[in-house]
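Structure data follow from start-v5.cif (mmCIF, C-alpha atoms and all ligand atoms):
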data_protein
loop_
_atom_site.label_atom_id
_atom_site.label_comp_id
_atom_site.auth_asym_id
_atom_site.auth_seq_id
_atom_site.Cartn_x
_atom_site.Cartn_y
_atom_site.Cartn_z
CA MET A 1 206.60 242.69 210.46
CA LYS A 2 203.49 241.54 212.33
CA VAL A 3 201.74 238.63 210.62
CA GLY A 4 198.32 237.15 211.35
CA ILE A 5 197.57 233.55 210.42
CA VAL A 6 194.07 232.09 210.22
CA GLY A 7 194.23 228.41 211.22
CA ALA A 8 196.78 226.47 213.26
CA GLY A 9 196.84 223.31 211.17
CA THR A 10 200.08 221.97 209.71
CA SER A 11 200.43 224.70 207.06
CA GLY A 12 199.67 227.59 209.44
CA LEU A 13 202.12 226.26 212.00
CA ALA A 14 204.81 225.79 209.34
CA ALA A 15 204.35 229.38 208.14
CA ALA A 16 204.41 230.67 211.72
CA ARG A 17 207.63 228.80 212.60
CA THR A 18 209.36 230.09 209.46
CA LEU A 19 208.28 233.69 210.07
CA LYS A 20 209.13 233.61 213.76
CA ALA A 21 212.61 232.25 212.98
CA ALA A 22 213.07 235.26 210.68
CA GLY A 23 212.16 237.66 213.51
CA CYS A 24 208.50 238.39 212.71
CA GLU A 25 205.77 238.78 215.29
CA VAL A 26 203.15 236.13 214.54
CA ILE A 27 199.62 235.50 215.86
CA LEU A 28 197.63 232.38 214.90
CA TRP A 29 193.86 232.18 215.38
CA GLU A 30 192.45 228.67 215.54
CA LYS A 31 188.76 227.87 215.80
CA SER A 32 189.26 224.45 217.45
CA ARG A 33 190.36 223.65 220.98
CA GLY A 34 193.92 222.83 219.94
CA PRO A 35 196.40 223.10 217.07
CA GLY A 36 196.88 220.46 214.34
CA GLY A 37 193.76 220.75 212.15
CA ARG A 38 193.18 217.57 210.18
CA VAL A 39 196.14 215.89 211.90
CA ALA A 40 193.70 214.94 214.62
CA THR A 41 193.22 212.39 217.41
CA ARG A 42 190.16 211.30 219.40
CA ARG A 43 190.33 209.51 222.76
CA HIS A 44 187.62 207.39 224.40
CA GLY A 45 188.66 205.81 227.70
CA ASP A 46 191.64 203.53 226.91
CA PHE A 47 191.13 203.84 223.14
CA THR A 48 193.02 206.32 220.97
CA PHE A 49 192.19 206.91 217.30
CA ASP A 50 193.89 209.11 214.71
CA SER A 51 190.65 210.39 213.21
CA GLY A 52 192.05 212.40 210.27
CA ALA A 53 195.51 211.82 208.79
CA THR A 54 196.74 208.39 209.85
CA SER A 55 200.51 208.66 209.41
CA ILE A 56 203.29 211.03 208.40
CA ALA A 57 205.36 209.79 205.46
CA MET A 58 208.99 210.81 205.11
CA ARG A 59 209.45 211.80 201.49
CA GLY A 60 212.51 214.02 201.69
CA MET A 61 210.53 217.23 202.28
CA GLU A 62 210.96 220.08 204.82
CA ILE A 63 208.86 218.36 207.46
CA ASP A 64 211.30 215.41 207.70
CA LYS A 65 214.07 217.66 209.01
CA VAL A 66 211.69 219.27 211.47
CA ILE A 67 210.28 216.01 212.87
CA LEU A 68 213.58 214.12 212.94
CA GLY A 69 215.82 217.09 213.77
CA GLU A 70 214.03 219.90 215.60
CA LEU A 71 211.03 218.53 217.49
CA ASP A 72 211.07 216.34 220.56
CA GLN A 73 211.13 212.69 219.46
CA ALA A 74 210.28 211.03 222.79
CA GLU A 75 206.77 210.02 221.62
CA LEU A 76 207.56 209.62 217.92
CA HIS A 77 206.75 206.12 216.69
CA LEU A 78 208.06 204.53 213.49
CA ILE A 79 205.25 202.27 212.25
CA ASP A 80 206.84 198.87 211.66
CA LYS A 81 204.01 197.01 209.93
CA PRO A 82 203.30 197.84 206.26
CA ILE A 83 200.10 198.85 204.48
CA TRP A 84 198.42 196.02 202.56
CA THR A 85 195.67 196.32 199.99
CA HIS A 86 192.21 194.86 199.58
CA THR A 87 190.10 194.30 196.49
CA GLY A 88 186.47 193.68 197.42
CA LEU A 89 187.79 192.73 200.92
CA ARG A 90 190.24 190.16 199.48
CA VAL A 91 193.53 191.03 201.17
CA SER A 92 196.94 190.98 199.51
CA PRO A 93 200.43 192.32 200.37
CA GLY A 94 200.91 195.98 199.51
CA ASP A 95 203.26 197.68 197.08
CA LYS A 96 206.86 197.00 198.21
CA LEU A 97 208.17 200.30 196.88
CA LYS A 98 205.47 202.35 198.62
CA ASN A 99 206.01 200.42 201.83
CA ALA A 100 209.71 201.30 201.74
CA THR A 101 208.73 204.85 202.82
CA ASN A 102 209.10 205.37 206.57
CA ARG A 103 205.79 206.30 208.20
CA TYR A 104 205.42 207.79 211.63
CA THR A 105 202.79 208.62 214.18
CA TYR A 106 203.08 209.67 217.84
CA ARG A 107 202.26 207.21 220.62
CA PRO A 108 199.75 209.50 222.41
CA GLY A 109 198.15 210.34 219.03
CA ILE A 110 199.20 211.93 215.76
CA ASN A 111 197.89 215.29 217.04
CA THR A 112 201.11 215.45 219.12
CA LEU A 113 202.66 216.85 215.93
CA GLY A 114 200.51 220.00 216.09
CA LYS A 115 201.24 220.43 219.80
CA LEU A 116 205.00 220.17 219.20
CA LEU A 117 204.94 222.51 216.19
CA ALA A 118 202.94 225.05 218.21
CA GLN A 119 205.44 225.26 221.05
CA GLY A 120 206.65 228.82 221.53
CA LEU A 121 204.05 230.26 219.12
CA ASP A 122 201.16 232.61 219.97
CA VAL A 123 198.26 230.28 219.10
CA ARG A 124 194.86 231.63 220.15
CA THR A 125 192.52 228.63 220.26
CA GLU A 126 188.72 228.58 220.13
CA GLN A 127 188.93 231.78 218.10
CA GLN A 128 187.04 231.53 214.82
CA VAL A 129 187.88 234.35 212.43
CA GLU A 130 184.64 235.56 210.88
CA THR A 131 185.42 239.13 209.92
CA ILE A 132 188.48 240.60 208.20
CA LYS A 133 188.84 244.24 207.17
CA ARG A 134 191.54 246.12 205.35
CA ASN A 135 193.46 248.62 207.45
CA GLY A 136 195.78 250.81 205.35
CA ASP A 137 198.20 248.39 203.70
CA GLY A 138 197.46 245.78 206.35
CA PHE A 139 194.46 243.99 207.83
CA GLU A 140 192.33 244.09 210.94
CA LEU A 141 190.91 240.99 212.56
CA MET A 142 190.05 239.73 216.04
CA GLY A 143 190.88 243.15 217.52
CA GLU A 144 194.43 243.16 216.10
CA VAL A 145 196.02 245.04 213.22
CA VAL A 146 198.59 243.07 211.21
CA ASP A 147 200.91 244.01 208.34
CA ALA A 148 200.29 240.77 206.50
CA LEU A 149 197.83 237.90 206.59
CA ILE A 150 198.03 234.19 205.77
CA LEU A 151 194.85 232.17 205.22
CA THR A 152 195.14 228.41 205.70
CA PRO A 153 191.64 226.86 205.94
CA PRO A 154 190.48 224.54 203.14
CA ILE A 155 189.96 226.66 200.01
CA PRO A 156 186.12 226.90 200.15
CA GLN A 157 186.42 228.38 203.67
CA THR A 158 189.33 230.62 202.65
CA SER A 159 187.26 231.78 199.70
CA ALA A 160 184.47 233.00 202.02
CA LEU A 161 187.04 235.08 203.95
CA LEU A 162 188.46 236.55 200.73
CA TRP A 163 185.04 237.85 199.64
CA GLN A 164 184.93 240.06 202.73
CA ILE A 165 187.95 242.04 201.59
CA SER A 166 187.02 241.89 197.89
CA GLU A 167 190.16 239.94 197.10
CA SER A 168 190.09 237.53 194.21
CA ARG A 169 192.65 234.77 193.59
CA PRO A 170 192.70 231.91 191.05
CA ILE A 171 191.44 229.23 193.44
CA ALA A 172 188.16 228.23 191.83
CA ASN A 173 189.43 224.85 190.63
CA ALA A 174 190.36 223.57 194.11
CA ARG A 175 187.85 220.86 195.03
CA TYR A 176 187.78 218.56 198.07
CA ARG A 177 186.53 215.06 198.81
CA SER A 178 184.48 214.47 201.92
CA CYS A 179 185.31 211.53 204.19
CA LEU A 180 183.34 209.70 206.85
CA SER A 181 185.83 208.33 209.35
CA LEU A 182 184.34 205.76 211.75
CA MET A 183 186.24 204.83 214.90
CA LEU A 184 185.51 201.48 216.56
CA GLY A 185 186.97 200.07 219.78
CA PHE A 186 186.63 196.43 220.88
CA SER A 187 187.77 195.59 224.42
CA GLY A 188 187.79 191.79 224.43
CA VAL A 189 189.40 190.75 221.13
CA HIS A 190 192.88 191.41 219.81
CA ILE A 191 192.97 191.15 216.01
CA ASP A 192 196.49 190.46 214.75
CA ALA A 193 197.62 190.93 211.15
CA PRO A 194 200.86 191.30 209.16
CA TYR A 195 199.80 194.87 208.24
CA HIS A 196 198.75 197.99 210.17
CA ALA A 197 196.33 199.23 207.51
CA LEU A 198 194.41 198.11 204.46
CA LEU A 199 194.02 200.32 201.41
CA GLU A 200 191.62 199.90 198.51
CA PRO A 201 193.56 201.79 195.82
CA GLU A 202 190.72 202.06 193.27
CA GLN A 203 188.34 203.65 195.80
CA ARG A 204 185.50 201.57 194.39
CA HIS A 205 184.72 199.77 197.64
CA PRO A 206 183.00 201.85 200.36
CA LEU A 207 185.77 200.89 202.81
CA THR A 208 188.69 202.71 201.21
CA PHE A 209 191.16 202.66 204.12
CA LEU A 210 191.13 200.69 207.35
CA SER A 211 193.65 201.45 210.05
CA LEU A 212 194.27 198.90 212.79
CA GLU A 213 195.31 201.51 215.33
CA HIS A 214 196.39 198.91 217.93
CA LEU A 215 198.91 197.48 215.42
CA LYS A 216 200.04 200.91 214.26
CA SER A 217 201.23 202.18 217.62
CA PRO A 218 201.40 200.85 221.19
CA GLY A 219 198.78 201.99 223.69
CA ARG A 220 195.94 202.61 221.24
CA ALA A 221 193.61 199.98 222.78
CA PRO A 222 193.36 198.39 226.24
CA GLU A 223 195.39 195.18 226.73
CA GLY A 224 193.84 192.43 224.57
CA GLY A 225 191.63 194.88 222.64
CA SER A 226 191.50 196.32 219.12
CA ALA A 227 190.98 199.82 217.74
CA PHE A 228 189.96 200.51 214.13
CA VAL A 229 189.50 203.62 212.03
CA ALA A 230 187.44 202.99 208.88
CA GLN A 231 187.77 205.74 206.28
CA MET A 232 184.97 205.53 203.76
CA SER A 233 185.35 206.20 200.03
CA PRO A 234 184.57 209.64 198.56
CA SER A 235 181.38 208.40 196.87
CA TYR A 236 180.12 206.56 199.98
CA SER A 237 180.98 209.56 202.17
CA HIS A 238 179.27 212.00 199.82
CA SER A 239 176.06 209.93 199.57
CA ASN A 240 175.90 209.07 203.27
CA PHE A 241 177.26 212.25 204.84
CA ALA A 242 174.07 213.06 206.77
CA ARG A 243 173.38 209.52 207.98
CA THR A 244 173.52 208.72 211.68
CA THR A 245 176.54 207.10 213.33
CA GLU A 246 174.45 203.96 213.93
CA GLU A 247 173.57 203.67 210.21
CA VAL A 248 177.19 204.05 209.10
CA LEU A 249 178.25 201.59 211.83
CA GLN A 250 175.91 198.91 210.48
CA ASP A 251 177.53 199.18 207.01
CA VAL A 252 181.07 199.13 208.39
CA LEU A 253 180.41 196.17 210.69
CA VAL A 254 179.42 194.03 207.69
CA TYR A 255 182.84 194.68 206.12
CA LEU A 256 184.77 194.25 209.38
CA HIS A 257 183.09 190.92 210.15
CA ARG A 258 183.96 189.65 206.68
CA LEU A 259 187.59 190.59 207.26
CA TYR A 260 187.74 189.47 210.91
CA PRO A 261 185.01 186.91 211.74
CA ASP A 262 186.19 186.74 215.39
CA LEU A 263 185.13 190.31 216.15
CA PRO A 264 182.18 190.67 218.56
CA ALA A 265 178.84 191.76 217.06
CA THR A 266 179.07 195.27 218.48
CA PRO A 267 182.02 197.48 219.46
CA ASP A 268 182.43 198.96 222.94
CA VAL A 269 183.28 202.38 221.54
CA VAL A 270 181.98 204.08 218.38
CA ASP A 271 182.60 207.59 217.11
CA LEU A 272 182.08 209.18 213.71
CA MET A 273 184.07 212.07 212.30
CA ARG A 274 182.51 213.81 209.31
CA TRP A 275 185.23 215.54 207.31
CA LYS A 276 183.51 217.84 204.82
CA TYR A 277 186.88 218.81 203.35
CA SER A 278 189.19 215.84 203.85
CA GLN A 279 191.73 216.02 201.03
CA PRO A 280 191.69 217.99 197.77
CA GLU A 281 190.97 216.04 194.59
CA ASN A 282 192.03 219.07 192.59
CA VAL A 283 194.35 221.83 193.81
CA ALA A 284 194.95 225.48 192.96
CA LEU A 285 198.60 226.18 192.20
CA LEU A 286 200.55 227.87 194.99
CA ASP A 287 202.67 229.89 192.54
CA ASN A 288 199.59 231.16 190.66
CA VAL A 289 197.79 232.07 193.85
CA ASN A 290 200.63 233.82 195.72
CA HIS A 291 203.29 236.25 194.56
CA ALA A 292 206.25 237.91 196.24
CA GLY A 293 205.17 241.37 197.41
CA ASP A 294 201.60 240.29 198.29
CA ARG A 295 200.57 241.05 201.87
CA LEU A 296 197.93 238.36 201.73
CA MET A 297 198.98 234.75 201.20
CA ILE A 298 197.04 231.51 200.88
CA CYS A 299 198.53 228.20 201.86
CA GLY A 300 197.43 224.73 202.93
CA ASP A 301 197.02 221.42 201.16
CA GLY A 302 194.56 223.04 198.71
CA VAL A 303 197.44 224.81 196.92
CA LEU A 304 199.89 221.89 196.78
CA ALA A 305 198.65 218.36 197.57
CA GLY A 306 196.47 216.65 200.14
CA ARG A 307 199.18 215.43 202.46
CA ILE A 308 200.71 216.55 205.74
CA GLU A 309 204.15 217.08 204.23
CA SER A 310 202.69 219.14 201.37
CA ALA A 311 200.66 221.27 203.76
CA TYR A 312 203.86 221.92 205.73
CA GLU A 313 205.78 222.74 202.55
CA SER A 314 203.07 225.20 201.45
CA GLY A 315 203.33 227.08 204.77
CA VAL A 316 207.11 227.37 204.50
CA LYS A 317 206.86 228.53 200.88
CA VAL A 318 204.34 231.33 201.48
CA ALA A 319 206.25 232.49 204.57
CA ARG A 320 209.40 232.78 202.42
CA LEU A 321 207.44 234.67 199.74
CA LEU A 322 206.20 237.07 202.38
CA LEU A 323 209.72 237.60 203.68
CA GLN A 324 210.89 238.53 200.18
C1 LIG B 401 190.36 211.43 206.92
C2 LIG B 401 191.68 212.02 206.47
C3 LIG B 401 192.77 211.18 206.22
C4 LIG B 401 193.99 211.71 205.84
N1 LIG B 401 195.07 210.88 205.70
C5 LIG B 401 196.30 211.42 205.48
C6 LIG B 401 197.47 210.62 205.60
O1 LIG B 401 197.41 209.44 205.97
N2 LIG B 401 198.66 211.20 205.31
C7 LIG B 401 198.76 212.51 204.99
O2 LIG B 401 199.87 212.98 204.76
N3 LIG B 401 197.67 213.29 204.93
C8 LIG B 401 196.44 212.80 205.19
N4 LIG B 401 195.35 213.60 205.20
C9 LIG B 401 195.49 214.99 204.75
C10 LIG B 401 196.15 215.91 205.79
O3 LIG B 401 195.53 215.74 207.04
C11 LIG B 401 195.97 217.34 205.31
O4 LIG B 401 196.49 217.45 203.99
C12 LIG B 401 196.71 218.37 206.18
O5 LIG B 401 196.54 218.09 207.53
C13 LIG B 401 196.16 219.74 205.82
O6 LIG B 401 196.77 220.74 206.62
P1 LIG B 401 196.33 222.25 206.39
O7 LIG B 401 197.12 223.09 207.30
O8 LIG B 401 196.34 222.54 204.95
O9 LIG B 401 194.77 222.31 206.80
P2 LIG B 401 194.07 222.02 208.18
O10 LIG B 401 194.77 220.96 208.92
O11 LIG B 401 192.63 221.81 207.86
O12 LIG B 401 194.27 223.38 208.99
C14 LIG B 401 193.41 224.48 208.83
C15 LIG B 401 193.04 224.99 210.23
O13 LIG B 401 192.27 226.16 210.10
C16 LIG B 401 191.28 226.15 211.12
N5 LIG B 401 190.24 227.09 210.68
C17 LIG B 401 189.41 226.96 209.61
N6 LIG B 401 188.65 228.06 209.48
C18 LIG B 401 189.01 228.89 210.49
C19 LIG B 401 188.56 230.20 210.89
N7 LIG B 401 187.62 230.88 210.21
N8 LIG B 401 189.14 230.77 211.98
C20 LIG B 401 190.11 230.10 212.68
N9 LIG B 401 190.56 228.86 212.35
C21 LIG B 401 190.01 228.28 211.26
C22 LIG B 401 190.87 224.70 211.21
O14 LIG B 401 190.25 224.41 212.44
C23 LIG B 401 192.21 224.00 211.03
O15 LIG B 401 192.83 223.76 212.27
C24 LIG B 401 194.12 213.10 205.63
C25 LIG B 401 193.03 213.94 205.90
C26 LIG B 401 191.83 213.41 206.34
C27 LIG B 401 190.70 214.33 206.70
#
File written out as structure tokens:
Amino acid sequence: MKVGIVGAGTSGLAAARTLKAAGCEVILWEKSRGPGGRVATRRHGDFTFDSGATSIAMRGMEIDKVILGELDQAELHLIDKPIWTHTGLRVSPGDKLKNATNRYTYRPGINTLGKLLAQGLDVRTEQQVETIKRNGDGFELMGEVVDALILTPPIPQTSALLWQISESRPIANARYRSCLSLMLGFSGVHIDAPYHALLEPEQRHPLTFLSLEHLKSPGRAPEGGSAFVAQMSPSYSHSNFARTTEEVLQDVLVYLHRLYPDLPATPDVVDLMRWKYSQPENVALLDNVNHAGDRLMICGDGVLAGRIESAYESGVKVARLLLQ
């Protein structure tokens, strides 16, 4: 069986690995420059920021075995500091039970995961799939004919591809939050803390998650420096999505200076990632959307849950359905 996969994020790569192990021929088309999707990293000089997902939690799912058993572990980093919480910028120790979960990233950046998962697969990067046609029982796209197709982009983008082949699936209730993710690098000041990240669980404060990248993993900032990723709340991100980097920076700096008064007035490095579809707030159900015998499958976090391990699980599940 020859299978085409649109998107080489975690779910697409999981599906591809499962199908390849079962002897299928698999092609992945990915619109970005590399694999990994929202498990993404940005580099600026000596600064490294995980700009999308910030860590991989081990929760006893398929991905644990893959990361700890199959993939190269040379760059894998177990994050030793916990996540604490803040309420209106007042900081307190985090939930002990939640912090008992092992969390990982990779020293060169969390996007190493995508690179490792993609090894040995036919991933065609910088290839955005815009047109899909039916071809007999199969499909035609990007000059190839495939027996089966797996769509992995966030559901609103998958939905646009489905219209082209007049295919309808029960996915209308999948909705995503947007997220502004601001990266800030400071060369001259090393902020130390007993935590590697701060979470605002109620998502009422604009600063919903702050990662201190230099405390999360070695090598994320130059010696004596600090690297932060500020993820803004869904309501802040929605209302301010079109604002400039400078405008968002001014808001974030107010919060950072309240938390860390020693920080210089301006960072040396600033970058803003605008995630239109960051994580689903409501998902479609994988088992309602896909059935054994279908030649078209839909996977990704939009049919399970907005986490790396769920995206991986969804890819494995649809690949197994296809193999049935
Ligand atoms: C800011 C942020 C913070 C997060 N924090 C965490 C966290 O700490 N822990 C956690 O577990 N999860 C976190 N997540 C969620 C996690 O990143 C996602 O759930 C997971 O990566 C989704 O994987 P996926 O394969 O479903 O989708 P994606 O990773 O989005 O993969 C889909 C791929 O399809 C490609 N694509 C789309 N359209 C096309 C097309 N037409 N043609 C070709 N390619 C296409 C995209 O470029 C992308 O690579 C976070 C996400 C964000 C954005």
Fill in: A:Glu62, A:Glu130, A:Glu313, A:Asp262 ranked by distance to Gln157 (chain A), top pick (using all atoms listed in the file)
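Going through A:Glu62, A:Glu130, A:Glu313, A:Asp262 one by one, the smallest distance to Gln157 (chain A) is for A:Glu130.
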Discussion item. Excluding region 94-107 of chain A and its own-chain neighbours fewer than 5 positions away, which residues fall within 6 Å of it when counting only C-alpha atoms? Please give them as an MDAnalysis selection string.
Written reply: chainID A and resid 55:58 75:79 82:85 217
Taking C-alpha atoms for each residue, export the selection above as a CSV table (one decimal), in the coordinates of the input.
chain,number,residue,atom,x,y,z
A,55,SER,CA,200.5,208.7,209.4
A,56,ILE,CA,203.3,211.0,208.4
A,57,ALA,CA,205.4,209.8,205.5
A,58,MET,CA,209.0,210.8,205.1
A,75,GLU,CA,206.8,210.0,221.6
A,76,LEU,CA,207.6,209.6,217.9
A,77,HIS,CA,206.8,206.1,216.7
A,78,LEU,CA,208.1,204.5,213.5
A,79,ILE,CA,205.2,202.3,212.2
A,82,PRO,CA,203.3,197.8,206.3
A,83,ILE,CA,200.1,198.8,204.5
A,84,TRP,CA,198.4,196.0,202.6
A,85,THR,CA,195.7,196.3,200.0
A,217,SER,CA,201.2,202.2,217.6
Worksheet entry | Surroundings of ligand LIG 401 (chain B) up to 8 Å, based on all atoms listed in the file, as an MDAnalysis selection string | chainID A and resid 6:13 29:32 34:40 51:57 126:130 152:154 157:158 161 178:181 231 275 277:280 299:302 305:312 315
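Using only C-alpha atoms, the protein and nucleic acid residues lying no more than 9 Å from region 41-46 of chain A, apart from those fewer than 3 places from it along its own chain, are Arg38, Phe49, Asp50, Ser51, Gly52, Ala53, Pro108, Gly109, Ile110, Asn111, Thr112, Met183, Gly185, Gly219, Arg220, Ala221, Pro222, Val269, Val270 and Asp271 of chain A.
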Worksheet item: Do you know which residues are at most 12 Å from Ile132 (chain A) counting only C-alpha atoms, after dropping those on the same chain fewer than 6 positions away, and could you put them as a list in words?
Response: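 Here the qualifying residues turn out to be Gly4, Ile5, Val6, Gly138, Phe139, Glu140, Leu141, Met142, Gly143, Glu144, Val145, Val146, Ala148, Leu149, Ile150, Leu151, Thr158, Ala160, Leu161, Leu162, Trp163, Gln164, Ile165, Ser166, Glu167 and Leu296 of chain A.
Nearest residue to Leu249 (chain A) among A:Pro267, A:Pro234, A:Gly23, A:Gly224 is A:Pro267, counting only C-alpha atoms.
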Worksheet item: With all atoms listed in the file as the basis for distance, which of A:Ser168, A:Gln119, A:Thr266, A:Gln73 is at the shortest distance from Leu253 (chain A)?
Response: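 Using all atoms listed in the file, the shortest distance to Leu253 (chain A) belongs to A:Thr266.
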Item to complete: Between A:Ile27, A:Ala230, A:Leu198, A:Ile63, single out the one closest to Gly120 (chain A), counting only C-alpha atoms.
Response: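 Looking at the shortest contact to Gly120 (chain A), the residue is A:Ile27.
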Worksheet item: Which is closer to Ala193 (chain A) than all the others in A:Leu285, A:Lys276, A:Ile67, A:Ser92, using only C-alpha atoms?
Response: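 Ranking A:Leu285, A:Lys276, A:Ile67, A:Ser92 by distance to Ala193 (chain A), first place goes to A:Ser92.
Distance-wise, CA of Val229 (chain A) and CA of Val248 (chain A) end up 12.7 Å apart.
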Response to the item:
Atom pair CA of Val66 (chain A) + CA of Leu323 (chain A), distance 20.0 Å
